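Raw model-v5.txt, compact mmCIF, C-alpha atoms:
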```
# COMPACT_ATOMS: atom_id res chain seq x y z
CA MET A 21 4.26 -25.28 -35.21
CA LYS A 22 6.83 -22.68 -34.16
CA LEU A 23 6.98 -21.41 -37.74
CA ILE A 24 3.20 -20.87 -37.82
CA GLY A 25 3.44 -18.94 -34.56
CA LEU A 26 6.25 -16.77 -35.90
CA ILE A 27 4.28 -16.00 -39.08
CA ALA A 28 1.17 -15.16 -37.06
CA VAL A 29 3.13 -12.84 -34.75
CA CYS A 30 4.83 -11.08 -37.69
CA LEU A 31 1.50 -10.66 -39.49
CA MET A 32 -0.15 -9.24 -36.37
CA GLY A 33 2.78 -6.92 -35.69
CA GLY A 34 2.76 -5.70 -39.28
CA LEU A 35 -0.97 -5.07 -39.05
CA LEU A 36 -0.54 -3.04 -35.87
CA ILE A 37 2.30 -0.98 -37.37
CA TYR A 38 0.16 -0.40 -40.47
CA GLY A 39 -2.63 0.78 -38.17
CA THR A 40 -0.43 3.41 -36.52
CA ALA A 41 -0.12 5.22 -39.86
CA ASP A 42 -3.72 6.42 -39.47
CA MET A 43 -3.19 7.81 -35.98
CA PRO A 44 -2.85 11.57 -35.48
CA ASP A 45 0.63 13.02 -34.95
CA TRP A 46 1.94 13.15 -31.41
CA GLY A 47 0.61 16.31 -29.75
CA ASP A 48 -1.31 17.32 -32.88
CA PRO A 49 -3.67 20.18 -31.90
CA GLN A 50 -6.10 19.12 -34.65
CA SER A 51 -6.52 15.55 -33.39
CA PRO A 52 -10.06 14.62 -32.22
CA ALA A 53 -8.99 14.28 -28.58
CA SER A 54 -7.53 17.79 -28.54
CA LEU A 55 -10.59 19.30 -30.24
CA HIS A 56 -13.44 18.04 -28.05
CA VAL A 57 -12.48 16.31 -24.81
CA SER A 58 -9.42 18.22 -23.60
CA PRO A 59 -10.79 21.78 -24.04
CA ARG A 60 -13.95 20.75 -22.19
CA TYR A 61 -11.91 19.62 -19.17
CA ILE A 62 -9.55 22.60 -19.32
CA GLU A 63 -12.39 25.13 -19.43
CA LYS A 64 -14.84 23.56 -17.00
CA THR A 65 -12.69 21.93 -14.30
CA VAL A 66 -12.55 24.83 -11.83
CA GLU A 67 -16.12 25.88 -12.62
CA GLU A 68 -17.60 22.42 -12.04
CA THR A 69 -15.41 20.85 -9.37
CA ALA A 70 -13.55 23.70 -7.60
CA VAL A 71 -10.31 21.72 -7.97
CA PRO A 72 -7.37 23.73 -9.33
CA ASN A 73 -5.45 20.60 -10.35
CA MET A 74 -6.94 19.35 -13.61
CA VAL A 75 -5.27 15.95 -13.32
CA THR A 76 -7.01 15.27 -10.01
CA SER A 77 -10.43 16.29 -11.31
CA VAL A 78 -10.11 14.09 -14.40
CA LEU A 79 -8.73 11.18 -12.37
CA ALA A 80 -11.21 11.24 -9.52
CA ASP A 81 -14.31 12.93 -10.92
CA TYR A 82 -14.72 12.70 -14.69
CA ARG A 83 -12.97 9.31 -14.76
CA GLY A 84 -14.09 8.14 -11.32
CA TYR A 85 -15.12 4.67 -12.44
CA ASP A 86 -11.66 4.09 -13.86
CA THR A 87 -9.97 5.01 -10.59
CA LEU A 88 -12.38 2.80 -8.65
CA GLY A 89 -11.29 -0.05 -10.93
CA GLU A 90 -7.62 0.78 -10.37
CA THR A 91 -8.09 0.73 -6.60
CA THR A 92 -9.88 -2.61 -6.86
CA VAL A 93 -7.02 -3.98 -8.99
CA ILE A 94 -4.50 -2.98 -6.30
CA PHE A 95 -6.72 -4.50 -3.61
CA THR A 96 -7.05 -7.72 -5.62
CA ALA A 97 -3.27 -7.85 -6.13
CA GLY A 98 -2.76 -7.59 -2.38
CA ILE A 99 -5.27 -10.34 -1.66
CA ALA A 100 -3.75 -12.57 -4.35
CA CYS A 101 -0.26 -12.14 -2.86
CA LEU A 102 -1.70 -12.95 0.56
CA LEU A 103 -3.35 -16.14 -0.70
CA LEU A 104 -0.31 -17.30 -2.67
CA ILE A 105 2.55 -16.48 -0.30
CA ARG A 106 1.25 -16.44 3.27
CA ARG A 107 1.28 -19.75 5.11
CA PHE A 108 -1.94 -20.56 6.87
CA GLY A 109 -2.27 -23.13 9.65
CA LYS A 110 0.66 -25.45 10.40
CA MET B 20 14.20 -13.49 7.14
CA ILE B 21 14.74 -10.11 8.77
CA SER B 22 16.61 -10.87 11.97
CA HIS B 23 16.79 -8.59 14.97
CA PHE B 24 19.82 -6.34 14.99
CA HIS B 25 20.88 -3.30 16.96
CA ASP B 26 22.44 -0.46 15.06
CA VAL B 27 22.06 2.76 17.02
CA ILE B 28 22.68 5.06 14.08
CA VAL B 29 20.26 3.34 11.70
CA GLN B 30 17.55 2.97 14.33
CA THR B 31 17.81 6.54 15.60
CA VAL B 32 17.86 8.09 12.14
CA CYS B 33 14.87 6.05 11.05
CA ARG B 34 12.97 6.81 14.23
CA LEU B 35 13.51 10.52 13.65
CA LEU B 36 12.74 10.33 9.95
CA ILE B 37 9.60 8.16 9.89
CA PRO B 38 7.19 10.72 11.43
CA PHE B 39 8.26 13.30 8.85
CA ILE B 40 7.85 10.79 6.02
CA GLN B 41 4.34 9.99 7.25
CA VAL B 42 3.38 13.65 7.57
CA TYR B 43 4.69 14.19 4.03
CA GLY B 44 2.60 11.25 2.82
CA LEU B 45 -0.51 12.77 4.37
CA TYR B 46 0.40 16.11 2.79
CA VAL B 47 0.71 14.52 -0.66
CA ILE B 48 -2.75 12.94 -0.27
CA ALA B 49 -4.40 16.08 1.10
CA HIS B 50 -2.69 18.47 -1.32
CA GLY B 51 -3.51 16.41 -4.41
CA HIS B 52 -6.17 19.01 -5.17
CA SER B 53 -3.74 21.76 -6.07
CA SER B 54 -0.38 20.12 -6.71
CA PRO B 55 0.95 16.88 -8.20
CA GLY B 56 0.07 14.01 -5.90
CA GLY B 57 -3.00 12.25 -4.68
CA GLY B 58 -4.10 8.96 -3.21
CA PHE B 59 -1.78 6.63 -5.09
CA GLN B 60 1.42 8.59 -4.51
CA GLY B 61 0.69 9.50 -0.89
CA GLY B 62 -0.35 5.92 -0.11
CA VAL B 63 2.95 4.63 -1.46
CA ILE B 64 4.89 7.12 0.69
CA LEU B 65 2.93 6.08 3.80
CA GLY B 66 3.46 2.40 3.02
CA ALA B 67 7.19 2.99 2.48
CA SER B 68 7.45 4.59 5.92
CA PHE B 69 6.09 1.41 7.54
CA ILE B 70 8.46 -0.72 5.45
CA LEU B 71 11.34 1.49 6.60
CA LEU B 72 10.30 0.88 10.22
CA CYS B 73 10.31 -2.84 9.49
CA LEU B 74 13.76 -2.73 7.90
CA SER B 75 15.42 -0.55 10.53
CA HIS B 76 13.97 -2.25 13.59
CA ASP B 77 12.44 -5.68 13.07
CA ILE B 78 9.22 -7.22 11.91
CA GLN B 79 7.83 -7.75 15.42
CA GLU B 80 8.30 -4.07 16.25
CA MET B 81 6.36 -3.22 13.12
CA LYS B 82 3.58 -5.71 13.86
CA LYS B 83 3.15 -4.18 17.31
CA ARG B 84 2.20 -0.89 15.66
CA PHE B 85 0.37 -2.19 12.60
CA SER B 86 -0.78 -5.78 13.05
CA GLN B 87 -1.44 -8.07 10.12
CA GLY B 88 -5.14 -8.14 10.91
CA ALA B 89 -5.27 -4.34 10.87
CA VAL B 90 -3.43 -4.29 7.54
CA LEU B 91 -6.08 -6.52 5.99
CA LEU B 92 -8.82 -4.38 7.51
CA TYR B 93 -7.32 -1.20 6.00
CA CYS B 94 -6.93 -2.92 2.58
CA SER B 95 -10.67 -3.33 2.33
CA LEU B 96 -11.51 -0.14 4.25
CA GLY B 97 -10.13 2.04 1.45
CA VAL B 98 -12.19 0.31 -1.24
CA ILE B 99 -15.24 0.49 1.05
CA ILE B 100 -14.75 4.27 1.54
CA TYR B 101 -14.49 4.75 -2.23
CA SER B 102 -17.50 2.68 -3.19
CA GLY B 103 -19.38 3.90 -0.09
CA ILE B 104 -19.12 7.50 -1.30
CA GLY B 105 -20.39 6.31 -4.69
CA ILE B 106 -23.35 4.54 -3.09
CA ALA B 107 -24.06 7.56 -0.85
CA CYS B 108 -24.41 9.66 -4.03
CA LEU B 109 -26.78 7.00 -5.35
CA PHE B 110 -28.97 7.24 -2.23
CA LEU B 111 -29.00 11.04 -2.39
CA GLY B 112 -30.62 10.89 -5.81
CA GLY B 113 -27.65 11.19 -8.17
CA LYS B 114 -25.67 8.80 -10.31
CA TYR B 115 -22.97 6.51 -8.93
CA LEU B 116 -19.93 8.66 -7.94
CA ASP B 117 -21.84 11.88 -8.73
CA TYR B 118 -20.31 13.85 -5.84
CA GLY B 119 -22.38 16.96 -6.49
CA LYS B 120 -25.31 15.36 -4.67
CA LEU B 121 -23.26 15.21 -1.46
CA HIS B 122 -24.10 18.88 -0.82
CA GLN B 123 -27.32 17.65 0.82
CA ILE B 124 -25.37 16.18 3.74
CA LEU B 125 -22.31 18.47 3.65
CA PRO B 126 -22.55 22.15 4.64
CA VAL B 127 -21.25 23.37 1.25
CA ASP B 128 -22.61 24.19 -2.19
CA PRO B 129 -22.67 21.50 -4.93
CA VAL B 130 -19.41 22.63 -6.58
CA ARG B 131 -17.48 22.49 -3.31
CA ALA B 132 -19.19 19.17 -2.58
CA ARG B 133 -17.56 17.72 -5.72
CA SER B 134 -14.22 18.85 -4.35
CA MET B 135 -14.95 17.23 -0.99
CA GLY B 136 -16.05 14.01 -2.71
CA ILE B 137 -12.80 13.91 -4.68
CA PHE B 138 -10.88 14.35 -1.42
CA GLY B 139 -12.87 11.51 0.17
CA ILE B 140 -12.06 9.05 -2.56
CA GLU B 141 -8.38 10.13 -2.56
CA VAL B 142 -8.28 9.19 1.13
CA GLY B 143 -9.83 5.81 0.31
CA VAL B 144 -7.30 5.18 -2.46
CA GLY B 145 -4.45 6.21 -0.14
CA ILE B 146 -5.54 3.83 2.63
CA THR B 147 -5.83 0.88 0.24
CA VAL B 148 -2.49 1.54 -1.48
CA MET B 149 -0.68 1.92 1.86
CA ALA B 150 -2.18 -1.24 3.33
CA VAL B 151 -1.54 -3.32 0.20
CA MET B 152 2.12 -2.20 0.09
CA VAL B 153 2.58 -3.18 3.75
CA SER B 154 0.63 -6.42 3.29
CA ILE B 155 2.72 -7.59 0.32
CA PHE B 156 5.93 -6.66 2.16
CA LEU B 157 4.87 -8.56 5.29
CA ASP B 158 3.92 -11.61 3.21
CA LEU B 159 7.30 -11.61 1.49
CA ALA B 160 9.40 -10.81 4.55
CA SER B 161 7.91 -12.98 7.26
CA GLU B 162 9.08 -16.55 7.36
CA GLU B 163 7.37 -17.75 10.49
CA LYS B 164 4.05 -19.54 10.31
CA GLU B 165 0.95 -17.58 11.03
```

For this file, produce the structure as structure tokens.
Amino acid sequence: MKLIGLIAVCLMGGLLIYGTADMPDWGDPQSPASLHVSPRYIEKTVEETAVPNMVTSVLADYRGYDTLGETTVIFTAGIACLLLIRRFGK
Amino acid sequence: MISHFHDVIVQTVCRLLIPFIQVYGLYVIAHGHSSPGGGFQGGVILGASFILLCLSHDIQEMKKRFSQGAVLLYCSLGVIIYSGIGIACLFLGGKYLDYGKLHQILPVDPVRARSMGIFGIEVGVGITVMAVMVSIFLDLASEEKE
């Protein structure tokens, strides 16, 4: 059973490494992300949101749903710790 | 777990330092618009200041200023502020979290309203992160029964 697991993990790892060969080079200016999404944010951030810090505008405005999810994750983590660790009653 | 102890140097230094740490935390949240920072980082700094108070004095001293009930309230208050701003945009005729629509209730133009909306949600994130940090610390540190 352990052997099957090892083979499955090695196969999956090999597949993932094989998949990285198709990815664009690190910081490649011709990669799809650098051609469409990034220039849009860089050019329009101040015009559309009046926020000089691009990171903030992407985090809180263009990707607002994502940050709402992150906040909810932190909130859920706090509640889970409370339920697991705190002693209620006697 | 954390017993009461008196160390004049530690207590005095921390008492002097904590207000400055908290002001810096507020600065990091408020200045996230134009410098590195924002709700997550500023919330962690604010939470760390309360944990420092707890470590330098004792847990009762800390609970006098920030009770466990209040901590829980602030945990959810931050998420409510965030999603409340989103729902406010929905009621003003936009999409969820479309801050531009807030210019109808704020005395600014739509572009500045986006900036104000971003600031509002950063405050919400900061409150939640601070309260969750303090809440987890209190859960781990307090041994007595509630």

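Residue nearest Arg83 of chain A within the list A:Ala28, A:His56, A:Tyr61, A:Ile99: A:Tyr61 [criterion: smallest interatomic distance, only C-alpha atoms].
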
Two-atom distance - atom CA of Gln50 of chain A, atom CA of Ile37 of chain A (Å): 22.0 Å

At most 7 Å to chain A: residues in chain B, only C-alpha atoms, as a ChimeraX atom specification: /B:51-54,94,98,116,130-131,133-134,137,144,147-148,151,154-155,158,164-165

Length of the atom CA of Leu96 of chain B to atom CA of Ser75 of chain B vector [Å]: 27.7 Å

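Pairwise distance (atom CA of Leu159 of chain B, atom CA of Gly44 of chain B) equals 23.4 Å.
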
All residues 12 Å or closer to Thr31 of chain B, all atoms listed in the file, same chain fewer than 4 positions away omitted, as a VMD selection string: chain B and resid 25 to 27 35 to 37 72 75 to 76
